[in-house]
Structure formats: structure tokens, C-alpha cells
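Enquirer: Structure incoming, see below.
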Amino acid sequence: MGWFSSTPTNQASDGGRIAPDRTSRQKCWEGRDRFFKCLDDHEIVDSVNPKGDKEARRNCGKELVEFESACQTAWVKYFKEKRVMEYNRDKTIERIKKEDAATLKDLKSQGWTANK
């Protein structure tokens with residue numbers, strides 16, 4: 001390896017990738033949190049699909065650039081997809097709880113009691 005190495009800072013001299021250190025991860029998470037707060041403020045859930053991405057870039061462009069520059073591309077994609085998955089999961093749980101409450105109310109109106 002010479003004085004003027006062309007090896008990027010995130011690659012080892014053997015060509016492998018260097019894992020982000022604690023400081024890099026923290027910066028990534030902070031960028032993600034600011035971006036997601038902006039999405040929440042503008043009621044944007046899915047910044048992965050083209051329509052949501054366009055809205056996110058229009059309303060949260062500065063935060064998105066910061067997020068993308070602080071995190072590896074794979075992490076950005078992962079966090080965006082995880083956000084959508086968690087939103088859908090929470091909505092499904094909420095719907096199931098409402099359905100269960102309605103079913104329980106219906107059963108109680110028919111005289112059903114739970115034995116303890």
C-alpha cells in the first residue's frame with residue numbers, strides 16, 4: 001500500500017468491508033430518527049414506494065440526505081422497510097384487538113362467562 005491509496009475508508013486493505021464503529025452507528029440512528037420524525041410530522045408512513053418516496057423527498061429532503069449520508073445504503077433500505085412492516089404490524093394488532101373485543105362483548109351478551 002503506497003502513500004496515495006485509492007482504498008475507500010469503509011474498505012479494508014484486502015478489499016473487505018470494515019464494520020461501522022459505535023460512533024458511526026450512533027450517527028446513522030440519529031439521522032434515521034430525525035428523518036422518521038419528519039415523516040411522522042407529514043404523516044408519511046411508506047417512503048419506500050415511489051409515491052411515498054416522492055413525498056418524503058419533497059417534505060423531508062434535508063433529513064433524508066442526512067440519513068442517507070450517515071448510513072450505509074443497505075441500512076437505509078432496511079430501516080425504511082422495517083418502518084412500514086412495524087406500522088402494518090401495529091395496525092393488524094389494533095384490528096385484532098378490536099375484533100376480539102367485539103367478539104367477547106357478543107359472547108357475554110349471549111350469557112357466556114369465563115371460568116377462572
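Residue numbering restarts at 1 for every chain of the C-alpha cells, chains are lettered A, B, ... in their displayed order, and ligands are numbered from 1 as they appear.
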Within 9 Å of segment 68-84 of chain A, counting only C-alpha atoms, which residues show up once you throw out same-chain ones fewer than 2 positions away? Write them as a list in words, please.
Expert: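 Skipping anything fewer than 2 positions along the chain leaves Ser24, Arg25, Lys27, Cys28, Trp29, Glu30, Gly31, Arg32, Phe36, Val45, Asp46, Ser47, Val48, Glu63, Leu64, Val65, Glu66, Glu86, Tyr87, Asn88 and Arg89 of chain A.
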Enquirer: Taking only chain A into account, list the residues labelled helix (DSSP H, G or I) by DSSP (computed from the backbone), as a ChimeraX atom specification.
Expert: /A:22-41,50-70,73-109
Enquirer: Record the distance separating atom CA of Asp90 of chain A and atom CA of Pro50 of chain A, expressed in Å with one decimal.
Expert: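 Atom CA of Asp90 of chain A sits 22.8 Å away from atom CA of Pro50 of chain A.
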Enquirer: Using only C-alpha atoms, pick whichever of A:Thr23, A:Met85, A:Phe67, A:Cys60 has the shortest atom-to-atom distance to Asp41 of chain A.
Expert: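 Selected residue with least distance to Asp41 of chain A: A:Cys60.
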